[in-house]
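One file, work_13.cif, carrying mmCIF, C-alpha atoms and all ligand atoms:
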```cif
data_coords
#
loop_
_atom_site.label_atom_id
_atom_site.label_comp_id
_atom_site.auth_asym_id
_atom_site.auth_seq_id
_atom_site.Cartn_x
_atom_site.Cartn_y
_atom_site.Cartn_z
CA MET A 916 125.14 118.47 123.41
CA ALA A 917 122.08 116.28 123.45
CA PHE A 918 122.56 112.58 122.80
CA ILE A 919 121.20 111.30 119.50
CA ASN A 920 119.22 108.18 118.70
CA GLU A 921 122.20 106.06 117.68
CA HIS A 922 120.03 103.53 115.94
CA TYR A 923 119.88 106.04 113.05
CA LEU A 924 123.59 105.43 112.55
CA LYS A 925 122.82 101.83 111.60
CA LEU A 926 120.80 102.98 108.59
CA GLN A 927 122.57 102.20 105.39
CA ALA A 928 124.03 105.01 103.35
CA GLY A 929 123.43 105.14 99.63
CA TYR A 930 119.73 104.79 100.13
CA LEU A 931 117.97 103.92 96.88
CA PHE A 932 116.41 107.16 95.67
CA PRO A 933 119.30 109.49 96.54
CA GLU A 934 121.63 107.14 94.66
CA ILE A 935 119.29 107.14 91.66
CA SER A 936 119.20 110.96 91.76
CA ARG A 937 122.98 111.10 91.90
CA ARG A 938 123.38 108.88 88.85
CA VAL A 939 120.66 110.72 86.91
CA LYS A 940 122.27 114.07 87.73
CA GLU A 941 125.65 112.83 86.54
CA PHE A 942 124.03 111.56 83.33
CA THR A 943 122.08 114.75 82.58
CA GLU A 944 125.08 116.99 83.29
CA SER A 945 127.33 115.06 80.94
CA ASN A 946 124.69 114.43 78.25
CA PRO A 947 122.64 117.63 77.83
CA VAL A 948 121.10 116.36 74.59
CA ALA A 949 120.02 113.02 76.04
CA ALA A 950 118.91 114.82 79.22
CA ALA A 951 116.26 116.65 77.24
CA ARG A 952 114.60 113.38 76.35
CA LEU A 953 114.94 111.79 79.80
CA ILE A 954 111.82 109.92 81.00
CA ARG A 955 111.46 108.97 84.64
CA CYS A 956 109.91 105.60 85.41
CA GLY A 957 111.75 105.28 88.68
CA ILE A 958 110.09 106.69 91.78
CA GLY A 959 106.53 105.48 92.39
CA ASP A 960 104.80 108.83 92.06
CA VAL A 961 101.64 109.56 90.10
CA THR A 962 101.70 111.96 87.16
CA GLU A 963 98.07 112.75 86.34
CA PRO A 964 96.11 115.58 88.01
CA LEU A 965 93.54 115.11 90.76
CA PRO A 966 90.04 113.96 89.77
CA PRO A 967 87.85 117.05 89.13
CA ALA A 968 85.38 115.83 91.79
CA CYS A 969 88.21 116.15 94.33
CA THR A 970 89.40 119.58 93.24
CA GLU A 971 85.80 120.87 93.25
CA ALA A 972 85.31 119.60 96.80
CA LEU A 973 88.66 121.10 97.78
CA HIS A 974 87.72 124.53 96.38
CA ALA A 975 84.33 124.43 98.11
CA ALA A 976 85.97 123.48 101.41
CA VAL A 977 88.47 126.32 101.11
CA ASP A 978 85.52 128.70 100.66
CA GLU A 979 83.94 127.28 103.82
CA MET A 980 87.17 128.07 105.65
CA ALA A 981 86.92 131.67 104.40
CA ASP A 982 83.52 132.26 106.03
CA ARG A 983 83.13 132.61 109.80
CA GLU A 984 79.81 130.72 109.66
CA THR A 985 81.33 127.61 108.07
CA PHE A 986 84.94 127.95 109.23
CA LYS A 987 86.44 124.85 110.88
CA GLY A 988 89.18 124.80 113.49
CA TYR A 989 90.61 121.61 114.94
CA GLY A 990 88.73 118.62 113.64
CA PRO A 991 88.37 115.18 115.20
CA GLU A 992 91.86 113.59 115.52
CA HIS A 993 90.60 110.35 114.00
CA GLY A 994 89.02 112.01 110.98
CA TYR A 995 85.65 113.52 110.14
CA ASP A 996 82.70 111.15 110.28
CA PHE A 997 81.66 112.07 106.72
CA LEU A 998 84.92 110.56 105.45
CA ARG A 999 85.11 107.59 107.84
CA GLU A 1000 81.54 106.64 106.96
CA ALA A 1001 82.17 106.97 103.22
CA ILE A 1002 85.25 104.76 103.54
CA SER A 1003 83.46 102.14 105.61
CA GLU A 1004 80.53 102.01 103.23
CA ASN A 1005 82.38 102.09 99.90
CA ASP A 1006 85.66 100.32 100.56
CA PHE A 1007 84.39 97.64 102.93
CA GLN A 1008 80.64 97.18 103.56
CA SER A 1009 79.81 97.29 99.83
CA ARG A 1010 82.24 94.38 99.35
CA GLY A 1011 80.67 92.47 102.22
CA VAL A 1012 83.59 93.27 104.53
CA ASN A 1013 82.80 94.23 108.10
CA VAL A 1014 84.77 97.38 108.91
CA THR A 1015 82.88 100.11 110.75
CA ALA A 1016 83.51 103.85 110.54
CA ASP A 1017 84.89 104.00 114.08
CA GLU A 1018 87.58 101.44 113.18
CA ILE A 1019 88.98 103.85 110.57
CA PHE A 1020 91.67 106.38 111.49
CA VAL A 1021 92.16 109.08 108.86
CA SER A 1022 95.70 110.42 108.48
CA ASP A 1023 97.95 112.37 106.17
CA GLY A 1024 99.71 109.34 104.71
CA ALA A 1025 100.17 105.61 104.75
CA LYS A 1026 103.94 106.08 104.86
CA CYS A 1027 103.69 107.76 108.26
CA ASP A 1028 101.03 105.30 109.44
CA THR A 1029 103.13 102.25 108.57
CA ALA A 1030 106.02 103.95 110.36
CA ASN A 1031 104.12 105.31 113.38
CA ILE A 1032 102.37 102.05 114.16
CA LEU A 1033 105.57 100.97 115.93
CA ASP A 1034 104.71 103.54 118.63
CA ILE A 1035 102.13 101.19 120.11
CA LEU A 1036 104.14 97.96 119.71
CA GLY A 1037 106.82 96.56 121.97
CA HIS A 1038 110.54 96.58 121.29
CA GLN A 1039 110.94 92.86 121.91
CA ASN A 1040 108.87 91.79 118.89
CA ARG A 1041 110.46 89.60 116.23
CA ILE A 1042 109.86 91.38 112.94
CA ALA A 1043 109.43 89.63 109.60
CA ILE A 1044 109.54 91.50 106.31
CA THR A 1045 109.42 90.42 102.71
CA ASP A 1046 112.53 90.89 100.59
CA PRO A 1047 112.35 92.99 98.36
CA VAL A 1048 110.40 95.43 100.50
CA TYR A 1049 109.01 98.97 100.69
CA PRO A 1050 111.98 100.46 102.60
CA VAL A 1051 109.82 102.23 105.21
CA TYR A 1052 108.93 99.00 107.04
CA LEU A 1053 112.55 98.05 107.51
CA ASP A 1054 114.13 101.45 108.17
CA THR A 1055 111.58 102.41 110.83
CA ASN A 1056 112.40 99.22 112.71
CA VAL A 1057 116.09 100.06 112.47
CA MET A 1058 115.40 103.57 113.80
CA ALA A 1059 113.37 102.15 116.68
CA GLY A 1060 116.28 99.93 117.69
CA HIS A 1061 114.62 96.67 116.70
CA THR A 1062 117.66 95.42 114.78
CA ASP A 1063 121.40 94.96 115.06
CA THR A 1064 123.74 96.62 112.61
CA ALA A 1065 123.67 95.53 108.99
CA ASP A 1066 126.09 92.84 107.85
CA ASP A 1067 128.28 93.05 104.74
CA ALA A 1068 125.38 91.88 102.61
CA GLY A 1069 123.27 94.74 103.99
CA GLN A 1070 120.98 92.54 106.09
CA TYR A 1071 120.13 93.62 109.63
CA GLY A 1072 120.50 91.15 112.46
CA GLY A 1073 117.26 90.45 114.28
CA ILE A 1074 115.02 90.69 111.19
CA ILE A 1075 113.39 87.67 109.58
CA TYR A 1076 113.75 88.20 105.83
CA LEU A 1077 111.29 86.35 103.60
CA PRO A 1078 112.66 86.26 100.04
CA CYS A 1079 110.09 86.92 97.30
CA THR A 1080 111.27 85.70 93.94
CA ALA A 1081 109.83 84.32 90.71
CA GLU A 1082 110.13 80.86 92.31
CA ASN A 1083 107.42 81.65 94.90
CA ASN A 1084 105.49 84.09 92.69
CA PHE A 1085 106.69 86.87 95.00
CA VAL A 1086 104.52 85.69 97.89
CA PRO A 1087 106.54 84.08 100.69
CA ALA A 1088 105.54 80.86 102.38
CA THR A 1089 104.88 81.28 106.10
CA PRO A 1090 108.14 80.80 108.02
CA ASP A 1091 108.91 77.86 110.30
CA GLU A 1092 109.89 80.24 113.08
CA LYS A 1093 107.56 82.52 115.00
CA ALA A 1094 107.36 86.17 114.02
CA ASP A 1095 105.46 88.60 116.25
CA ILE A 1096 104.91 91.07 113.43
CA ILE A 1097 104.83 90.53 109.67
CA TYR A 1098 104.55 93.29 107.07
CA LEU A 1099 102.68 92.28 103.94
CA CYS A 1100 101.94 94.54 100.97
CA TYR A 1101 99.61 93.31 98.21
CA PRO A 1102 99.33 94.34 95.41
CA ASN A 1103 103.04 94.68 96.00
CA ASN A 1104 105.45 97.51 95.60
CA PRO A 1105 107.96 96.83 94.02
CA THR A 1106 107.10 93.46 92.43
CA GLY A 1107 103.56 94.21 91.25
CA ALA A 1108 102.54 90.77 92.55
CA THR A 1109 99.22 90.01 94.21
CA ALA A 1110 98.42 87.45 96.89
CA THR A 1111 95.59 85.02 96.30
CA ARG A 1112 92.80 84.44 98.80
CA GLU A 1113 94.41 81.09 99.69
CA GLN A 1114 97.81 82.66 100.27
CA LEU A 1115 96.35 85.35 102.51
CA ALA A 1116 94.30 82.72 104.33
CA GLY A 1117 97.58 80.86 104.94
CA TRP A 1118 99.06 83.99 106.50
CA VAL A 1119 96.00 84.57 108.66
CA ALA A 1120 96.16 80.94 109.85
CA TYR A 1121 99.87 81.38 110.64
CA ALA A 1122 99.14 84.63 112.48
CA LYS A 1123 96.44 83.06 114.60
CA GLU A 1124 98.60 80.08 115.44
CA ASN A 1125 101.61 82.20 116.38
CA ASN A 1126 99.85 85.29 117.79
CA THR A 1127 101.41 87.30 114.99
CA LEU A 1128 100.23 90.77 114.06
CA ILE A 1129 99.89 91.24 110.28
CA LEU A 1130 100.53 94.80 109.09
CA PHE A 1131 98.80 94.73 105.72
CA ASP A 1132 99.54 97.55 103.28
CA ALA A 1133 96.80 97.77 100.64
CA ALA A 1134 97.88 101.08 99.10
CA TYR A 1135 97.50 99.59 95.60
CA GLU A 1136 94.18 97.75 96.00
CA ALA A 1137 92.44 100.02 93.46
CA PHE A 1138 94.64 98.61 90.69
CA ILE A 1139 93.35 95.04 91.10
CA GLN A 1140 91.68 93.94 87.87
CA ASP A 1141 91.20 90.26 88.64
CA ALA A 1142 87.89 89.67 90.47
CA GLU A 1143 89.42 86.79 92.46
CA VAL A 1144 92.15 88.86 94.11
CA PRO A 1145 91.22 90.17 97.60
CA HIS A 1146 91.23 93.95 98.06
CA SER A 1147 91.39 93.79 101.84
CA ILE A 1148 92.93 91.41 104.37
CA TYR A 1149 89.55 91.50 106.12
CA GLU A 1150 88.05 89.51 103.24
CA ILE A 1151 89.80 86.59 104.95
CA ALA A 1152 87.91 85.05 107.86
CA GLY A 1153 89.73 85.63 111.14
CA ALA A 1154 91.76 88.62 109.90
CA ARG A 1155 89.94 91.00 112.23
CA GLU A 1156 91.70 89.30 115.15
CA CYS A 1157 95.20 89.49 113.68
CA ALA A 1158 95.57 92.31 111.16
CA ILE A 1159 95.85 96.07 110.78
CA GLU A 1160 95.29 97.43 107.27
CA PHE A 1161 96.79 100.56 105.73
CA ARG A 1162 95.20 102.37 102.79
CA SER A 1163 95.94 105.58 100.98
CA PHE A 1164 94.38 107.99 98.48
CA SER A 1165 97.85 108.58 97.01
CA LYS A 1166 97.86 106.07 94.20
CA ASN A 1167 94.19 105.62 93.26
CA ALA A 1168 93.19 109.30 93.39
CA GLY A 1169 96.60 110.89 92.85
CA PHE A 1170 96.90 112.33 96.38
CA THR A 1171 100.69 111.91 96.67
CA GLY A 1172 101.03 115.70 96.91
CA THR A 1173 97.66 116.26 98.60
CA ARG A 1174 98.12 113.78 101.49
CA CYS A 1175 95.31 111.64 102.83
CA ALA A 1176 95.26 108.02 103.95
CA PHE A 1177 93.76 105.82 106.63
CA THR A 1178 94.47 102.90 108.92
CA VAL A 1179 91.95 100.25 109.93
CA ILE A 1180 92.19 98.68 113.40
CA PRO A 1181 89.36 96.29 114.25
CA LYS A 1182 87.94 96.60 117.76
CA GLU A 1183 88.67 92.98 118.69
CA LEU A 1184 92.37 93.13 117.72
CA THR A 1185 94.66 92.88 120.72
CA GLY A 1186 98.31 92.85 121.65
CA THR A 1187 99.82 91.53 124.84
CA ASP A 1188 101.78 93.00 127.74
CA THR A 1189 104.70 91.13 129.29
CA GLU A 1190 102.36 89.57 131.84
CA GLY A 1191 100.29 88.07 129.05
CA ASN A 1192 97.28 90.36 129.44
CA ALA A 1193 95.50 91.34 126.22
CA HIS A 1194 95.04 95.01 125.34
CA SER A 1195 93.06 96.62 122.54
CA LEU A 1196 95.30 97.95 119.77
CA HIS A 1197 92.39 100.15 118.67
CA SER A 1198 92.46 101.88 122.07
CA LEU A 1199 96.24 102.30 122.01
CA TRP A 1200 96.24 103.74 118.48
CA SER A 1201 93.31 105.95 119.37
CA ARG A 1202 95.26 107.28 122.34
CA ARG A 1203 98.42 107.66 120.29
CA THR A 1204 96.59 109.56 117.57
CA ALA A 1205 94.81 111.87 120.00
CA THR A 1206 98.12 112.68 121.67
CA LYS A 1207 100.39 113.10 118.66
CA PHE A 1208 98.09 114.19 115.82
CA ASN A 1209 95.50 116.90 115.28
CA GLY A 1210 93.86 115.36 112.26
CA ALA A 1211 94.23 115.68 108.50
CA SER A 1212 93.15 119.04 107.11
CA TYR A 1213 89.41 119.59 106.59
CA PRO A 1214 89.64 120.61 102.89
CA ILE A 1215 91.77 117.55 102.17
CA GLN A 1216 89.30 115.23 103.90
CA LYS A 1217 86.50 116.82 101.85
CA ALA A 1218 88.55 116.15 98.72
CA ALA A 1219 89.09 112.54 99.83
CA ALA A 1220 85.38 112.04 100.52
CA ALA A 1221 84.69 113.20 96.94
CA VAL A 1222 86.51 110.06 95.76
CA TYR A 1223 83.34 108.21 96.84
CA SER A 1224 80.87 110.46 95.00
CA ASP A 1225 79.45 109.09 91.74
CA ALA A 1226 81.61 111.45 89.70
CA GLY A 1227 84.63 110.69 91.89
CA LYS A 1228 84.27 106.95 91.45
CA THR A 1229 84.11 107.32 87.67
CA GLN A 1230 87.11 109.64 87.60
CA VAL A 1231 89.22 107.42 89.87
CA GLN A 1232 88.35 104.49 87.64
CA GLU A 1233 89.57 106.51 84.66
CA LEU A 1234 92.89 107.18 86.38
CA VAL A 1235 93.32 103.50 87.21
CA THR A 1236 92.42 102.56 83.64
CA HIS A 1237 94.94 105.08 82.36
CA TYR A 1238 97.82 103.74 84.46
CA MET A 1239 96.91 100.11 83.85
CA GLY A 1240 96.81 100.90 80.11
CA ASN A 1241 100.40 102.12 80.46
CA ALA A 1242 101.27 98.96 82.37
CA LYS A 1243 99.90 96.84 79.52
CA ILE A 1244 101.93 98.74 76.91
CA LEU A 1245 105.10 98.38 78.98
CA ARG A 1246 104.46 94.72 79.69
CA GLU A 1247 103.84 93.84 76.06
CA ALA A 1248 106.88 95.74 74.80
CA THR A 1249 109.23 94.19 77.33
CA ILE A 1250 107.85 90.69 76.76
CA ALA A 1251 108.32 91.23 73.01
CA ALA A 1252 111.91 92.30 73.73
CA GLY A 1253 112.49 88.86 75.22
CA LEU A 1254 112.59 89.93 78.85
CA GLU A 1255 111.07 87.89 81.67
CA VAL A 1256 108.26 90.08 82.95
CA PHE A 1257 106.12 90.00 86.13
CA GLY A 1258 103.49 92.28 87.63
CA GLY A 1259 101.72 95.03 85.72
CA THR A 1260 98.36 93.24 85.55
CA ASN A 1261 96.93 94.10 89.00
CA ALA A 1262 99.45 96.78 89.97
CA PRO A 1263 101.08 99.79 88.31
CA TYR A 1264 104.54 98.24 88.51
CA ILE A 1265 106.32 95.96 86.05
CA TRP A 1266 109.01 93.79 87.62
CA LEU A 1267 111.53 92.30 85.24
CA LYS A 1268 114.36 89.83 85.50
CA THR A 1269 117.70 91.30 84.46
CA PRO A 1270 118.99 89.44 81.40
CA ASN A 1271 121.70 86.87 82.20
CA ALA A 1272 121.32 87.67 85.88
CA ALA A 1273 123.11 90.99 85.36
CA PRO A 1274 123.40 93.17 88.49
CA SER A 1275 120.40 95.49 88.62
CA TRP A 1276 122.49 98.67 88.93
CA ASN A 1277 124.20 97.70 85.65
CA ILE A 1278 120.81 97.49 84.00
CA PHE A 1279 119.89 100.83 85.57
CA ASP A 1280 123.00 102.40 83.98
CA ARG A 1281 122.39 100.73 80.62
CA VAL A 1282 118.74 101.82 80.39
CA LEU A 1283 119.73 105.34 81.46
CA ASN A 1284 122.56 105.62 78.93
CA GLU A 1285 121.01 103.78 76.00
CA ALA A 1286 117.35 104.80 76.36
CA ALA A 1287 117.45 107.90 78.62
CA VAL A 1288 114.90 106.18 80.84
CA VAL A 1289 115.10 105.99 84.65
CA ILE A 1290 114.07 102.63 86.07
CA THR A 1291 114.54 101.32 89.60
CA PRO A 1292 117.15 98.64 90.31
CA GLY A 1293 115.72 95.75 92.29
CA ALA A 1294 118.73 95.63 94.61
CA GLY A 1295 117.56 98.91 96.10
CA PHE A 1296 114.58 97.11 97.65
CA GLY A 1297 116.58 94.32 99.28
CA ASN A 1298 118.97 91.49 98.51
CA ALA A 1299 116.29 89.30 96.94
CA GLY A 1300 115.50 92.20 94.57
CA GLU A 1301 118.94 91.79 92.98
CA GLY A 1302 118.57 90.35 89.50
CA TYR A 1303 115.36 92.32 88.92
CA PHE A 1304 114.35 95.86 88.01
CA ARG A 1305 111.13 97.85 88.24
CA ILE A 1306 109.42 100.01 85.63
CA SER A 1307 106.65 102.24 86.95
CA ALA A 1308 103.47 102.70 84.89
CA PHE A 1309 102.82 106.08 86.55
CA ASN A 1310 103.29 108.29 83.51
CA SER A 1311 101.52 110.00 80.63
CA ARG A 1312 100.40 107.69 77.82
CA ALA A 1313 102.85 109.35 75.43
CA ASN A 1314 105.75 108.71 77.82
CA ALA A 1315 104.72 105.11 78.43
CA GLU A 1316 104.61 104.52 74.67
CA GLU A 1317 107.96 106.19 74.20
CA VAL A 1318 109.54 104.15 77.01
CA ALA A 1319 108.07 100.95 75.56
CA GLU A 1320 109.63 101.79 72.20
CA ARG A 1321 113.02 102.76 73.56
CA ILE A 1322 113.38 99.81 75.91
CA GLY A 1323 112.03 97.52 73.21
CA ALA A 1324 114.71 98.79 70.81
CA MET A 1325 117.60 98.06 73.19
CA ALA A 1326 119.79 95.08 72.41
CA TRP A 1327 118.72 92.81 75.28
C1 LIG B 1 102.92 104.84 97.78
C2 LIG B 1 102.84 103.85 98.86
C3 LIG B 1 102.10 104.13 100.02
C4 LIG B 1 101.34 105.42 100.17
O1 LIG B 1 102.01 106.29 100.99
P1 LIG B 1 101.39 107.73 101.30
O2 LIG B 1 102.21 108.20 102.45
O3 LIG B 1 99.95 107.54 101.66
O4 LIG B 1 101.56 108.57 100.08
C5 LIG B 1 102.03 103.16 101.00
N1 LIG B 1 102.65 101.98 100.86
C6 LIG B 1 103.35 101.67 99.76
C7 LIG B 1 103.98 100.35 99.65
C8 LIG B 1 103.48 102.61 98.74
O5 LIG B 1 104.20 102.31 97.66
#
```
Mind converting the file's structure to structure tokens?
Ligand SMILES: *Cc1c(COP(=O)(O)O)cnc(C)c1O
Amino acid sequence: MAFINEHYLKLQAGYLFPEISRRVKEFTESNPVAAARLIRCGIGDVTEPLPPACTEALHAAVDEMADRETFKGYGPEHGYDFLREAISENDFQSRGVNVTADEIFVSDGAKCDTANILDILGHQNRIAITDPVYPVYLDTNVMAGHTDTADDAGQYGGIIYLPCTAENNFVPATPDEKADIIYLCYPNNPTGATATREQLAGWVAYAKENNTLILFDAAYEAFIQDAEVPHSIYEIAGARECAIEFRSFSKNAGFTGTRCAFTVIPKELTGTDTEGNAHSLHSLWSRRTATKFNGASYPIQKAAAAVYSDAGKTQVQELVTHYMGNAKILREATIAAGLEVFGGTNAPYIWLKTPNAAPSWNIFDRVLNEAAVVITPGAGFGNAGEGYFRISAFNSRANAEEVAERIGAMAW
């Protein structure tokens, strides 16, 4: 028998979404009537169809694949130039941010990119994560053997946890100790919080002082409504020397089932070997990608490029407006119900304090049983998420209105 990667055995059982599924299944099987009116506001998945500009481009690309004259085989591992150039121009240069097309690596998802990036980084790095956190950042470090086993409270030895609570507006202060890598995600999943320019500048200053690599997840940047909130870490001077940015078409253009994303690695960004010599992370990632990936599919990249067409931009804006309209409805209803509410103004997630500091799984059970609505308990995202719960605004308008009414009617 082959030996296994024993670090996987450190991963905690009862992972968030399977546990939610288990409880929902139990509920629907014992309450068939209530099950019929169940509304899911749990998992962060989009509900609305792809923008027509994207599906048109997808159909046209499929037709190209059907003709020997226009058929495409393997594409460039780093993505087609038509897409990398559209991204550079529309997401960065047009905002005055210097990111060139050859610094963009197109992939089939930001989840895999945020996970795979560890391939090019050393095992001796001290890792800092926010708490609560998108579980991928933490679990991939556990799998790679960068942590000890979890303690009784579920925290892994070797990780620097940075609690994000209402007290710090869900943006942690830079730690006193040195981290080699810090994962930041703004607008944030799950808290819906954004980081200000000053806060990000503080992190860039910390990173430069401590030679820290910032892994910046901007999957939700399209939902920013406030003109002052940065869309990219590269809007901060100096970030090109200390940060990698992850983006995705999943949330803005509804590509969760279509799969396209990209990672930005500036040319001047370096990491160090044990002798202290600097090496280009762009070169390492380029090599890693060429070796382990054969590129995102051509039709999908054509569909992603259509996001930047005039029609695509309008249609993506409509999707964002739709979801942010839901967020507003959910925010207002929960505020009116007397709950303490965060997020939902620059992100499609509402983050709420549990009343009387009730455990978040209790609130999950109550909302499920009393309103037939699935929310996400904050504890599932980390210890500092306890005492909070998340409502997703990814839904139809009718469902968002119904959820607002049902949660509003509960005896909080
Ligand atoms: C949804 C999400 C992503 C996007 O992942 P994909 O693999 O591109 O679908 C990335 N980061 C966070 C925090 C997310 O919530």
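If all atoms listed in the file are the atoms counted, then among A:Phe1309, A:Thr970, A:Asn1056, A:Ala1299 the closest residue to Gln1230 (chain A) is A:Thr970.
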- Hey, which residues come within 7 Å of ligand LIG 1 (chain B) if we count all atoms listed in the file? Could you give them as a ChimeraX atom specification? /A:959,1023-1027,1049,1100,1103-1104,1132,1134,1163-1166,1171,1174-1176
- Query: Which residues come within 10 Å of Ala1242 (chain A), counting all atoms listed in the file, excluding same-chain residues fewer than 4 positions away, as a PyMOL selection string?
  - Reply: chain A and resi 1236-1238+1246-1248+1258-1265+1306-1310+1312+1315+1319
Mind working out the centre and edge lengths of an axis-aligned box for region 1100-1115 of chain A, all listed atoms inside, 6 Å added to each side, rounded to one decimal in Å and written as JSON?
```
{"center_x": 100.4, "center_y": 89.3, "center_z": 96.9, "size_x": 27.2, "size_y": 28.4, "size_z": 23.3}
```
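Taking CA of Asn1031 (chain A) and CA of Glu1018 (chain A) as endpoints, the distance between them is 17.0 Å.
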- Residues at most 9 Å from Ser1195 (chain A), counting only C-alpha atoms, excluding those fewer than 4 positions away in the same chain, as number ranges by chain? A: 1182-1187, 1199-1200
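If you measure from each of A:Asp1188, A:Asp1280, A:Glu1124, A:Glu1113 to Val1144 (chain A) using all atoms listed in the file, the closest one turns out to be A:Glu1113.
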Is it possible to produce a file of region 1062-1104 of chain A from this structure, with C-alpha atoms, as a PDB file, in the first residue's frame?
```pdb
ATOM      1  CA  THR A1062       0.684  23.402  10.672  1.00  0.00           C
ATOM      2  CA  ASP A1063       0.557  21.171  13.709  1.00  0.00           C
ATOM      3  CA  THR A1064      -2.613  19.354  14.647  1.00  0.00           C
ATOM      4  CA  ALA A1065      -5.624  21.374  15.740  1.00  0.00           C
ATOM      5  CA  ASP A1066      -6.145  21.997  19.446  1.00  0.00           C
ATOM      6  CA  ASP A1067      -9.428  21.483  21.311  1.00  0.00           C
ATOM      7  CA  ALA A1068     -10.604  24.896  20.178  1.00  0.00           C
ATOM      8  CA  GLY A1069      -9.960  23.880  16.568  1.00  0.00           C
ATOM      9  CA  GLN A1070      -6.939  26.137  16.064  1.00  0.00           C
ATOM     10  CA  TYR A1071      -3.875  24.764  14.301  1.00  0.00           C
ATOM     11  CA  GLY A1072      -0.473  25.219  15.866  1.00  0.00           C
ATOM     12  CA  GLY A1073       1.923  27.186  13.704  1.00  0.00           C
ATOM     13  CA  ILE A1074      -0.705  29.546  12.251  1.00  0.00           C
ATOM     14  CA  ILE A1075      -0.969  33.202  13.224  1.00  0.00           C
ATOM     15  CA  TYR A1076      -4.697  33.888  13.587  1.00  0.00           C
ATOM     16  CA  LEU A1077      -5.807  37.505  13.245  1.00  0.00           C
ATOM     17  CA  PRO A1078      -9.290  37.888  14.742  1.00  0.00           C
ATOM     18  CA  CYS A1079     -11.689  40.064  12.728  1.00  0.00           C
ATOM     19  CA  THR A1080     -14.595  41.261  14.805  1.00  0.00           C
ATOM     20  CA  ALA A1081     -16.934  44.239  15.036  1.00  0.00           C
ATOM     21  CA  GLU A1082     -14.336  45.834  17.346  1.00  0.00           C
ATOM     22  CA  ASN A1083     -11.794  46.186  14.508  1.00  0.00           C
ATOM     23  CA  ASN A1084     -14.388  46.557  11.727  1.00  0.00           C
ATOM     24  CA  PHE A1085     -13.324  43.103  10.517  1.00  0.00           C
ATOM     25  CA  VAL A1086      -9.925  44.335   9.338  1.00  0.00           C
ATOM     26  CA  PRO A1087      -7.076  43.149  11.564  1.00  0.00           C
ATOM     27  CA  ALA A1088      -4.285  45.387  12.742  1.00  0.00           C
ATOM     28  CA  THR A1089      -0.861  44.267  11.528  1.00  0.00           C
ATOM     29  CA  PRO A1090       0.610  41.800  14.043  1.00  0.00           C
ATOM     30  CA  ASP A1091       3.602  42.505  16.279  1.00  0.00           C
ATOM     31  CA  GLU A1092       5.263  39.311  15.111  1.00  0.00           C
ATOM     32  CA  LYS A1093       6.636  38.637  11.653  1.00  0.00           C
ATOM     33  CA  ALA A1094       4.534  36.637   9.212  1.00  0.00           C
ATOM     34  CA  ASP A1095       6.086  35.478   5.934  1.00  0.00           C
ATOM     35  CA  ILE A1096       2.720  35.134   4.231  1.00  0.00           C
ATOM     36  CA  ILE A1097      -0.597  36.843   4.976  1.00  0.00           C
ATOM     37  CA  TYR A1098      -3.890  36.043   3.253  1.00  0.00           C
ATOM     38  CA  LEU A1099      -6.208  39.025   2.905  1.00  0.00           C
ATOM     39  CA  CYS A1100      -9.618  38.999   1.216  1.00  0.00           C
ATOM     40  CA  TYR A1101     -11.446  42.296   0.625  1.00  0.00           C
ATOM     41  CA  PRO A1102     -14.357  42.738   0.069  1.00  0.00           C
ATOM     42  CA  ASN A1103     -14.457  39.884   2.534  1.00  0.00           C
ATOM     43  CA  ASN A1104     -16.113  36.530   2.500  1.00  0.00           C
TER      44      ASN A1104
END
```
